[in-house]
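Student: Contents are mmCIF, C-alpha atoms, pLDDT in the B column; chains and numbers go by the auth columns; file name my_file-v5.cif:
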data_target
loop_
_atom_site.group_PDB
_atom_site.id
_atom_site.type_symbol
_atom_site.label_atom_id
_atom_site.label_comp_id
_atom_site.label_asym_id
_atom_site.label_seq_id
_atom_site.Cartn_x
_atom_site.Cartn_y
_atom_site.Cartn_z
_atom_site.B_iso_or_equiv
_atom_site.auth_seq_id
_atom_site.auth_asym_id
ATOM 1 C CA MET A 1 0.000 0.000 0.000 73.00 1 A
ATOM 2 C CA SER A 2 1.303 3.464 -0.873 92.00 2 A
ATOM 3 C CA ARG A 3 1.208 6.661 1.166 95.00 3 A
ATOM 4 C CA ALA A 4 -1.286 8.001 -1.391 95.00 4 A
ATOM 5 C CA ASP A 5 -3.570 5.066 -0.567 96.00 5 A
ATOM 6 C CA ASP A 6 -3.135 5.815 3.142 98.00 6 A
ATOM 7 C CA ARG A 7 -4.100 9.455 2.547 98.00 7 A
ATOM 8 C CA PHE A 8 -7.239 8.393 0.675 98.00 8 A
ATOM 9 C CA GLU A 9 -8.217 6.011 3.482 98.00 9 A
ATOM 10 C CA ILE A 10 -7.724 8.715 6.113 98.00 10 A
ATOM 11 C CA GLN A 11 -9.721 11.203 4.057 98.00 11 A
ATOM 12 C CA ASP A 12 -12.440 8.595 3.613 98.00 12 A
ATOM 13 C CA VAL A 13 -12.723 8.227 7.412 98.00 13 A
ATOM 14 C CA LEU A 14 -13.167 12.007 7.705 98.00 14 A
ATOM 15 C CA PHE A 15 -15.875 12.056 5.043 98.00 15 A
ATOM 16 C CA ARG A 16 -17.640 9.009 6.525 98.00 16 A
ATOM 17 C CA TYR A 17 -17.642 10.801 9.893 98.00 17 A
ATOM 18 C CA ALA A 18 -19.327 13.856 8.309 98.00 18 A
ATOM 19 C CA ARG A 19 -21.996 11.718 6.655 97.00 19 A
ATOM 20 C CA ALA A 20 -22.573 9.725 9.840 97.00 20 A
ATOM 21 C CA VAL A 21 -23.145 12.854 11.942 97.00 21 A
ATOM 22 C CA ASP A 22 -25.346 14.448 9.293 97.00 22 A
ATOM 23 C CA ARG A 23 -27.499 11.306 8.939 97.00 23 A
ATOM 24 C CA LEU A 24 -27.371 10.533 12.692 96.00 24 A
ATOM 25 C CA ASP A 25 -25.889 7.118 11.946 97.00 25 A
ATOM 26 C CA HIS A 26 -24.538 6.490 15.436 97.00 26 A
ATOM 27 C CA ASP A 27 -22.842 3.182 14.604 97.00 27 A
ATOM 28 C CA ALA A 28 -21.037 4.798 11.672 97.00 28 A
ATOM 29 C CA ILE A 29 -19.836 7.668 13.896 98.00 29 A
ATOM 30 C CA ALA A 30 -18.341 5.177 16.355 98.00 30 A
ATOM 31 C CA ALA A 31 -16.762 3.186 13.496 98.00 31 A
ATOM 32 C CA CYS A 32 -14.561 6.180 12.612 98.00 32 A
ATOM 33 C CA TYR A 33 -12.861 5.991 16.022 98.00 33 A
ATOM 34 C CA PHE A 34 -10.925 3.369 17.911 98.00 34 A
ATOM 35 C CA ASP A 35 -12.672 2.339 21.121 95.00 35 A
ATOM 36 C CA ASP A 36 -9.943 3.919 23.262 96.00 36 A
ATOM 37 C CA ALA A 37 -9.854 7.184 21.286 98.00 37 A
ATOM 38 C CA VAL A 38 -10.297 10.488 23.094 97.00 38 A
ATOM 39 C CA ASP A 39 -12.333 13.329 21.577 98.00 39 A
ATOM 40 C CA VAL A 40 -12.309 16.914 22.883 98.00 40 A
ATOM 41 C CA HIS A 41 -15.421 18.269 21.201 95.00 41 A
ATOM 42 C CA GLY A 42 -16.697 21.571 22.587 92.00 42 A
ATOM 43 C CA GLY A 43 -18.308 20.784 25.917 93.00 43 A
ATOM 44 C CA TYR A 44 -17.566 17.052 25.646 97.00 44 A
ATOM 45 C CA THR A 45 -14.306 15.264 26.414 98.00 45 A
ATOM 46 C CA GLY A 46 -14.189 11.494 26.442 97.00 46 A
ATOM 47 C CA ASP A 47 -14.261 8.300 24.427 97.00 47 A
ATOM 48 C CA ALA A 48 -16.064 7.547 21.169 95.00 48 A
ATOM 49 C CA ALA A 49 -19.029 5.852 22.858 96.00 49 A
ATOM 50 C CA GLY A 50 -19.592 8.939 24.994 97.00 50 A
ATOM 51 C CA LEU A 51 -19.235 11.190 21.957 97.00 51 A
ATOM 52 C CA VAL A 52 -21.979 9.257 20.188 97.00 52 A
ATOM 53 C CA GLU A 53 -24.280 9.776 23.188 97.00 53 A
ATOM 54 C CA ASP A 54 -23.339 13.462 23.332 97.00 54 A
ATOM 55 C CA ILE A 55 -24.190 13.867 19.628 97.00 55 A
ATOM 56 C CA ARG A 56 -27.427 11.917 20.122 96.00 56 A
ATOM 57 C CA THR A 57 -28.432 14.399 22.848 96.00 57 A
ATOM 58 C CA ARG A 58 -27.205 17.633 21.215 95.00 58 A
ATOM 59 C CA HIS A 59 -28.725 16.811 17.823 96.00 59 A
ATOM 60 C CA ARG A 60 -32.245 15.961 19.084 95.00 60 A
ATOM 61 C CA THR A 61 -33.501 19.411 18.071 95.00 61 A
ATOM 62 C CA ILE A 62 -31.460 19.735 14.868 96.00 62 A
ATOM 63 C CA ASP A 63 -33.486 18.924 11.762 93.00 63 A
ATOM 64 C CA SER A 64 -30.732 19.566 9.217 95.00 64 A
ATOM 65 C CA SER A 65 -26.990 19.120 9.544 97.00 65 A
ATOM 66 C CA GLN A 66 -24.154 19.455 7.051 97.00 66 A
ATOM 67 C CA HIS A 67 -20.453 19.117 7.769 98.00 67 A
ATOM 68 C CA PHE A 68 -18.078 20.148 4.970 98.00 68 A
ATOM 69 C CA ILE A 69 -14.531 18.888 5.467 98.00 69 A
ATOM 70 C CA SER A 70 -11.666 20.352 3.455 98.00 70 A
ATOM 71 C CA ASN A 71 -7.996 21.350 3.559 98.00 71 A
ATOM 72 C CA VAL A 72 -6.991 17.896 4.771 98.00 72 A
ATOM 73 C CA LEU A 73 -3.300 17.913 5.647 98.00 73 A
ATOM 74 C CA VAL A 74 -1.777 14.535 6.522 98.00 74 A
ATOM 75 C CA GLU A 75 1.673 14.335 8.098 98.00 75 A
ATOM 76 C CA PHE A 76 2.825 10.766 8.642 98.00 76 A
ATOM 77 C CA THR A 77 4.604 10.314 11.960 98.00 77 A
ATOM 78 C CA GLY A 78 5.286 6.598 11.518 97.00 78 A
ATOM 79 C CA GLN A 79 4.330 3.634 9.376 97.00 79 A
ATOM 80 C CA ASP A 80 0.950 3.381 11.122 98.00 80 A
ATOM 81 C CA SER A 81 0.386 6.881 12.526 98.00 81 A
ATOM 82 C CA ALA A 82 -0.357 10.333 11.171 98.00 82 A
ATOM 83 C CA ASP A 83 -1.149 13.808 12.427 98.00 83 A
ATOM 84 C CA VAL A 84 -4.096 15.165 10.431 98.00 84 A
ATOM 85 C CA GLU A 85 -5.528 18.669 10.374 98.00 85 A
ATOM 86 C CA SER A 86 -8.747 19.343 8.471 98.00 86 A
ATOM 87 C CA TYR A 87 -11.069 22.304 8.240 98.00 87 A
ATOM 88 C CA CYS A 88 -14.780 21.864 8.903 98.00 88 A
ATOM 89 C CA LEU A 89 -17.680 24.157 8.111 98.00 89 A
ATOM 90 C CA CYS A 90 -20.907 23.106 9.874 98.00 90 A
ATOM 91 C CA PHE A 91 -24.468 24.177 9.228 98.00 91 A
ATOM 92 C CA LEU A 92 -26.835 23.048 11.988 97.00 92 A
ATOM 93 C CA ARG A 93 -30.477 24.082 11.668 96.00 93 A
ATOM 94 C CA GLN A 94 -32.773 23.886 14.699 95.00 94 A
ATOM 95 C CA ARG A 95 -36.313 22.580 14.284 91.00 95 A
ATOM 96 C CA PRO A 96 -38.922 25.365 14.163 88.00 96 A
ATOM 97 C CA ALA A 97 -40.981 25.948 17.289 83.00 97 A
ATOM 98 C CA GLU A 98 -44.092 25.687 15.104 84.00 98 A
ATOM 99 C CA PRO A 99 -44.499 24.093 11.634 80.00 99 A
ATOM 100 C CA GLY A 100 -43.320 26.497 8.931 76.00 100 A
ATOM 101 C CA GLY A 101 -41.987 28.930 11.518 81.00 101 A
ATOM 102 C CA GLU A 102 -38.643 30.657 11.763 86.00 102 A
ATOM 103 C CA GLN A 103 -35.614 28.562 12.577 92.00 103 A
ATOM 104 C CA GLU A 104 -32.106 29.240 13.801 96.00 104 A
ATOM 105 C CA LEU A 105 -29.124 28.152 11.770 97.00 105 A
ATOM 106 C CA ALA A 106 -25.814 27.726 13.569 97.00 106 A
ATOM 107 C CA VAL A 107 -22.823 28.254 11.283 98.00 107 A
ATOM 108 C CA ILE A 108 -19.633 26.925 12.836 98.00 108 A
ATOM 109 C CA ARG A 109 -16.097 27.149 11.510 98.00 109 A
ATOM 110 C CA CYS A 110 -13.695 24.740 13.140 98.00 110 A
ATOM 111 C CA ARG A 111 -10.740 22.442 12.576 98.00 111 A
ATOM 112 C CA TYR A 112 -10.241 18.812 13.478 98.00 112 A
ATOM 113 C CA VAL A 113 -6.786 18.217 14.899 98.00 113 A
ATOM 114 C CA ASP A 114 -6.505 14.446 14.796 98.00 114 A
ATOM 115 C CA ARG A 115 -4.059 11.671 15.437 98.00 115 A
ATOM 116 C CA PHE A 116 -4.864 8.780 13.132 98.00 116 A
ATOM 117 C CA GLU A 117 -3.534 5.278 13.576 98.00 117 A
ATOM 118 C CA ARG A 118 -3.688 2.166 11.474 98.00 118 A
ATOM 119 C CA ARG A 119 -4.679 -0.849 13.535 98.00 119 A
ATOM 120 C CA ASP A 120 -5.419 -4.283 12.127 97.00 120 A
ATOM 121 C CA GLY A 121 -5.017 -2.823 8.637 97.00 121 A
ATOM 122 C CA SER A 122 -7.533 0.032 9.008 98.00 122 A
ATOM 123 C CA TRP A 123 -7.054 3.737 9.653 98.00 123 A
ATOM 124 C CA GLY A 124 -9.133 5.392 12.374 98.00 124 A
ATOM 125 C CA ILE A 125 -9.209 8.353 14.725 98.00 125 A
ATOM 126 C CA ALA A 126 -7.138 7.730 17.857 98.00 126 A
ATOM 127 C CA ASP A 127 -7.335 11.271 19.250 98.00 127 A
ATOM 128 C CA ARG A 128 -9.271 14.388 18.215 98.00 128 A
ATOM 129 C CA VAL A 129 -9.398 17.986 19.382 98.00 129 A
ATOM 130 C CA VAL A 130 -12.003 20.204 17.734 98.00 130 A
ATOM 131 C CA VAL A 131 -10.568 23.725 17.512 98.00 131 A
ATOM 132 C CA PHE A 132 -13.313 26.323 17.110 98.00 132 A
ATOM 133 C CA ASP A 133 -12.799 29.475 15.056 97.00 133 A
ATOM 134 C CA GLU A 134 -16.314 30.923 14.983 97.00 134 A
ATOM 135 C CA SER A 135 -19.868 30.072 15.896 97.00 135 A
ATOM 136 C CA ARG A 136 -22.770 32.278 14.893 97.00 136 A
ATOM 137 C CA VAL A 137 -26.516 31.873 14.754 97.00 137 A
ATOM 138 C CA VAL A 138 -28.685 33.391 12.047 96.00 138 A
ATOM 139 C CA PRO A 139 -32.483 33.247 11.617 94.00 139 A
ATOM 140 C CA VAL A 140 -33.784 31.334 8.592 91.00 140 A
ATOM 141 C CA VAL A 141 -37.123 30.381 7.087 82.00 141 A
ATOM 142 C CA ASP A 142 -36.940 27.150 5.097 80.00 142 A
ATOM 143 C CA ARG A 143 -38.437 27.761 1.656 82.00 143 A
ATOM 144 C CA LEU A 144 -37.884 24.344 0.098 83.00 144 A
ATOM 145 C CA ALA A 145 -40.708 23.357 -2.215 90.00 145 A
ATOM 146 C CA PRO A 146 -42.711 20.446 -0.798 87.00 146 A
ATOM 147 C CA ASP A 147 -42.125 18.323 -3.915 93.00 147 A
ATOM 148 C CA TRP A 148 -38.304 18.486 -3.646 93.00 148 A
ATOM 149 C CA VAL A 149 -36.465 15.531 -2.150 91.00 149 A
ATOM 150 C CA ALA A 150 -35.493 16.702 1.333 89.00 150 A
ATOM 151 C CA SER A 151 -32.628 15.279 3.352 91.00 151 A
ATOM 152 C CA ARG A 152 -33.440 13.061 6.293 91.00 152 A
ATOM 153 C CA ARG A 153 -31.394 12.476 9.406 92.00 153 A
ATOM 154 C CA ASP A 154 -31.880 8.716 9.496 90.00 154 A
ATOM 155 C CA GLY A 155 -31.676 5.546 7.412 90.00 155 A
ATOM 156 C CA THR A 156 -34.492 6.705 5.123 91.00 156 A
ATOM 157 C CA ASP A 157 -32.287 9.369 3.509 92.00 157 A
ATOM 158 C CA PRO A 158 -31.863 8.669 -0.233 91.00 158 A
ATOM 159 C CA VAL A 159 -28.128 8.035 0.231 90.00 159 A
ATOM 160 C CA TYR A 160 -29.032 4.685 1.800 88.00 160 A
ATOM 161 C CA SER A 161 -31.231 3.552 -1.091 84.00 161 A
ATOM 162 C CA TRP A 162 -28.962 4.163 -4.079 78.00 162 A
ATOM 163 C CA GLY A 163 -29.190 0.579 -5.254 69.00 163 A
ATOM 164 C CA ASP A 164 -32.988 0.570 -5.011 72.00 164 A
ATOM 165 C CA ARG A 165 -33.599 3.132 -7.781 60.00 165 A
ATOM 166 C CA GLY A 166 -33.292 0.709 -10.664 58.00 166 A
ATOM 167 C CA PRO A 167 -31.647 1.424 -14.011 57.00 167 A
ATOM 168 C CA ALA A 168 -30.968 5.011 -15.003 53.00 168 A
#
How does the structure come out when it is put into structure tokens?

Tutor:
Amino acid sequence: MSRADDRFEIQDVLFRYARAVDRLDHDAIAACYFDDAVDVHGGYTGDAAGLVEDIRTRHRTIDSSQHFISNVLVEFTGQDSADVESYCLCFLRQRPAEPGGEQELAVIRCRYVDRFERRDGSWGIADRVVVFDESRVVPVVDRLAPDWVASRRDGTDPVYSWGDRGPA
């Protein structure tokens, strides 16, 4: 396996983490971490299992979530270890108090400062510190047309049924 392959695998873990949080796929969030990993994530510090529970609690009122990960810089520190910094832009929209009402959208700029390790042939997060640059809240009114395909924060999102659409 080449270092380029390692970089792609590490980047894939980062992207799978973003999808897992955005779809509230708790098992997939945990799968990005090693069981003994430590995550310092805003008000939470602890292991991956605790992070999943923290996300489960904090995201109860969020009806739309998008994490955009970019500027992934991988610096290998050994054959099976790497320091990884990536930028993250988060959009977290709170459910409206009443149907069709105004909502709040949190826009968060942060960086993931990670230590990745390869264990048993797979790369995963061994340690993460989320470094926050900005968090702001803006009011929004969702104007999506009712006949558009809307994202869902569970296993019914279209991303999980790609193979069920039949031939193009």

Student: Do a neighbour search on Asp63 of chain A at 10 Å with all atoms listed in the file, toss out local chain neighbours closer than 2 positions, and write the hits as an mmCIF file with C-alpha atoms, keeping the file's coordinate frame.

Tutor:
data_model
loop_
_atom_site.group_PDB
_atom_site.id
_atom_site.type_symbol
_atom_site.label_atom_id
_atom_site.label_comp_id
_atom_site.auth_asym_id
_atom_site.auth_seq_id
_atom_site.Cartn_x
_atom_site.Cartn_y
_atom_site.Cartn_z
ATOM 1 C CA ASP A 22 -25.346 14.448 9.293
ATOM 2 C CA HIS A 59 -28.725 16.811 17.823
ATOM 3 C CA ARG A 60 -32.245 15.961 19.084
ATOM 4 C CA THR A 61 -33.501 19.411 18.071
ATOM 5 C CA SER A 65 -26.990 19.120 9.544
ATOM 6 C CA LEU A 92 -26.835 23.048 11.988
ATOM 7 C CA ARG A 93 -30.477 24.082 11.668
ATOM 8 C CA GLN A 94 -32.773 23.886 14.699
ATOM 9 C CA ARG A 95 -36.313 22.580 14.284
ATOM 10 C CA PRO A 96 -38.922 25.365 14.163
ATOM 11 C CA GLN A 103 -35.614 28.562 12.577
ATOM 12 C CA SER A 151 -32.628 15.279 3.352
ATOM 13 C CA ARG A 152 -33.440 13.061 6.293
ATOM 14 C CA ARG A 153 -31.394 12.476 9.406
#

Student: Using the chain letters and numbers from the file, which residues does the PyMOL selection byres ((chain A and resi 82) around 10) grab, as a PDB file with C-alpha atoms, keeping the file's coordinate frame?

Tutor:
ATOM      1  CA  ASP A   6      -3.135   5.815   3.142  1.00 98.00           C
ATOM      2  CA  ARG A   7      -4.100   9.455   2.547  1.00 98.00           C
ATOM      3  CA  ILE A  10      -7.724   8.715   6.113  1.00 98.00           C
ATOM      4  CA  LEU A  73      -3.300  17.913   5.647  1.00 98.00           C
ATOM      5  CA  VAL A  74      -1.777  14.535   6.522  1.00 98.00           C
ATOM      6  CA  GLU A  75       1.673  14.335   8.098  1.00 98.00           C
ATOM      7  CA  PHE A  76       2.825  10.766   8.642  1.00 98.00           C
ATOM      8  CA  THR A  77       4.604  10.314  11.960  1.00 98.00           C
ATOM      9  CA  GLY A  78       5.286   6.598  11.518  1.00 97.00           C
ATOM     10  CA  GLN A  79       4.330   3.634   9.376  1.00 97.00           C
ATOM     11  CA  ASP A  80       0.950   3.381  11.122  1.00 98.00           C
ATOM     12  CA  SER A  81       0.386   6.881  12.526  1.00 98.00           C
ATOM     13  CA  ASP A  83      -1.149  13.808  12.427  1.00 98.00           C
ATOM     14  CA  VAL A  84      -4.096  15.165  10.431  1.00 98.00           C
ATOM     15  CA  GLU A  85      -5.528  18.669  10.374  1.00 98.00           C
ATOM     16  CA  ASP A 114      -6.505  14.446  14.796  1.00 98.00           C
ATOM     17  CA  ARG A 115      -4.059  11.671  15.437  1.00 98.00           C
ATOM     18  CA  PHE A 116      -4.864   8.780  13.132  1.00 98.00           C
ATOM     19  CA  GLU A 117      -3.534   5.278  13.576  1.00 98.00           C
ATOM     20  CA  ARG A 118      -3.688   2.166  11.474  1.00 98.00           C
ATOM     21  CA  TRP A 123      -7.054   3.737   9.653  1.00 98.00           C
ATOM     22  CA  ILE A 125      -9.209   8.353  14.725  1.00 98.00           C
ATOM     23  CA  ALA A 126      -7.138   7.730  17.857  1.00 98.00           C
TER      24      ALA A 126
END

Student: Looking at all atoms listed in the file, which of A:Leu24, A:Ala4, A:Val131, A:Ala150 is the one that sits closest to Asp39 of chain A?

Tutor: A:Val131

Student: Could you state the separation of atom CA of Asp133 of chain A and atom CA of Gly43 of chain A in Å, given to one decimal place?

Tutor: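 About the pair atom CA of Asp133 of chain A and atom CA of Gly43 of chain A: they are 15.0 Å apart.
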
Student: Can you report as lines of an AutoDock Vina configuration file the centre and edge lengths in Å, to one decimal, of an axis-aligned box around the listed atoms of segment 93-103 of chain A padded with 4 Å on each side?

Tutor:
center_x = -37.5
center_y = 26.6
center_z = 13.1
size_x = 22.0
size_y = 16.1
size_z = 16.4

Student: For segment 112-150 of chain A of the block above, can you save N, CA and C atoms as a short mmCIF file (atom, residue, chain, number, x, y, z; two decimals), in the first residue's frame?

Tutor:
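Below is the file selection.cif, written as the result:
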data_model
loop_
_atom_site.label_atom_id
_atom_site.label_comp_id
_atom_site.auth_asym_id
_atom_site.auth_seq_id
_atom_site.Cartn_x
_atom_site.Cartn_y
_atom_site.Cartn_z
N TYR A 112 -10.48 20.06 12.77
CA TYR A 112 -10.24 18.81 13.48
C TYR A 112 -8.73 18.60 13.52
N VAL A 113 -8.20 18.52 14.71
CA VAL A 113 -6.79 18.22 14.90
C VAL A 113 -6.74 16.79 15.42
N ASP A 114 -6.38 15.87 14.53
CA ASP A 114 -6.50 14.45 14.80
C ASP A 114 -5.16 13.73 14.81
N ARG A 115 -5.12 12.67 15.59
CA ARG A 115 -4.06 11.67 15.44
C ARG A 115 -4.75 10.41 14.91
N PHE A 116 -4.35 10.01 13.73
CA PHE A 116 -4.86 8.78 13.13
C PHE A 116 -3.86 7.67 13.36
N GLU A 117 -4.38 6.46 13.50
CA GLU A 117 -3.53 5.28 13.58
C GLU A 117 -4.12 4.21 12.67
N ARG A 118 -3.23 3.34 12.22
CA ARG A 118 -3.69 2.17 11.47
C ARG A 118 -3.54 0.98 12.41
N ARG A 119 -4.66 0.34 12.69
CA ARG A 119 -4.68 -0.85 13.54
C ARG A 119 -5.40 -1.96 12.79
N ASP A 120 -4.83 -3.13 12.83
CA ASP A 120 -5.42 -4.28 12.13
C ASP A 120 -5.74 -3.95 10.68
N GLY A 121 -4.88 -3.14 10.05
CA GLY A 121 -5.02 -2.82 8.64
C GLY A 121 -5.95 -1.68 8.29
N SER A 122 -6.58 -1.04 9.29
CA SER A 122 -7.53 0.03 9.01
C SER A 122 -7.16 1.31 9.74
N TRP A 123 -7.31 2.44 9.06
CA TRP A 123 -7.05 3.74 9.65
C TRP A 123 -8.28 4.19 10.44
N GLY A 124 -8.05 4.85 11.56
CA GLY A 124 -9.13 5.39 12.37
C GLY A 124 -8.63 6.52 13.24
N ILE A 125 -9.55 7.24 13.84
CA ILE A 125 -9.21 8.35 14.73
C ILE A 125 -8.82 7.79 16.09
N ALA A 126 -7.62 8.15 16.54
CA ALA A 126 -7.14 7.73 17.86
C ALA A 126 -7.26 8.86 18.87
N ASP A 127 -7.26 10.11 18.37
CA ASP A 127 -7.33 11.27 19.25
C ASP A 127 -7.81 12.45 18.41
N ARG A 128 -8.76 13.22 18.94
CA ARG A 128 -9.27 14.39 18.21
C ARG A 128 -9.47 15.54 19.18
N VAL A 129 -9.06 16.74 18.71
CA VAL A 129 -9.40 17.99 19.38
C VAL A 129 -10.08 18.86 18.33
N VAL A 130 -11.30 19.29 18.64
CA VAL A 130 -12.00 20.20 17.73
C VAL A 130 -11.64 21.62 18.17
N VAL A 131 -11.01 22.36 17.25
CA VAL A 131 -10.57 23.72 17.51
C VAL A 131 -11.58 24.65 16.84
N PHE A 132 -12.25 25.47 17.64
CA PHE A 132 -13.31 26.32 17.11
C PHE A 132 -12.78 27.70 16.74
N ASP A 133 -13.18 28.16 15.55
CA ASP A 133 -12.80 29.48 15.06
C ASP A 133 -13.94 30.48 15.16
N GLU A 134 -15.17 30.01 14.95
CA GLU A 134 -16.31 30.92 14.98
C GLU A 134 -17.59 30.11 15.10
N SER A 135 -18.54 30.65 15.83
CA SER A 135 -19.87 30.07 15.90
C SER A 135 -20.87 31.23 15.90
N ARG A 136 -21.76 31.22 14.93
CA ARG A 136 -22.77 32.28 14.89
C ARG A 136 -24.12 31.65 14.59
N VAL A 137 -25.15 32.34 14.97
CA VAL A 137 -26.52 31.87 14.75
C VAL A 137 -27.24 32.93 13.95
N VAL A 138 -27.92 32.48 12.89
CA VAL A 138 -28.68 33.39 12.05
C VAL A 138 -30.11 32.84 11.90
N PRO A 139 -31.11 33.72 11.83
CA PRO A 139 -32.48 33.25 11.62
C PRO A 139 -32.68 32.84 10.16
N VAL A 140 -33.46 31.79 9.95
CA VAL A 140 -33.78 31.33 8.59
C VAL A 140 -35.24 30.89 8.55
N VAL A 141 -35.83 30.98 7.36
CA VAL A 141 -37.12 30.38 7.09
C VAL A 141 -36.89 29.44 5.92
N ASP A 142 -37.17 28.16 6.13
CA ASP A 142 -36.94 27.15 5.10
C ASP A 142 -37.98 27.31 4.00
N ARG A 143 -37.53 27.54 2.78
CA ARG A 143 -38.44 27.76 1.66
C ARG A 143 -38.35 26.64 0.61
N LEU A 144 -37.93 25.46 1.04
CA LEU A 144 -37.88 24.34 0.10
C LEU A 144 -39.29 24.01 -0.38
N ALA A 145 -39.41 23.76 -1.66
CA ALA A 145 -40.71 23.36 -2.22
C ALA A 145 -41.06 21.97 -1.68
N PRO A 146 -42.33 21.72 -1.39
CA PRO A 146 -42.71 20.45 -0.80
C PRO A 146 -42.47 19.24 -1.70
N ASP A 147 -42.35 19.46 -3.02
CA ASP A 147 -42.13 18.32 -3.91
C ASP A 147 -40.64 18.02 -4.15
N TRP A 148 -39.74 18.77 -3.55
CA TRP A 148 -38.30 18.49 -3.65
C TRP A 148 -37.96 17.36 -2.69
N VAL A 149 -36.94 16.59 -3.04
CA VAL A 149 -36.46 15.53 -2.15
C VAL A 149 -35.66 16.19 -1.04
N ALA A 150 -36.15 16.08 0.18
CA ALA A 150 -35.49 16.70 1.33
C ALA A 150 -34.60 15.67 2.04
#
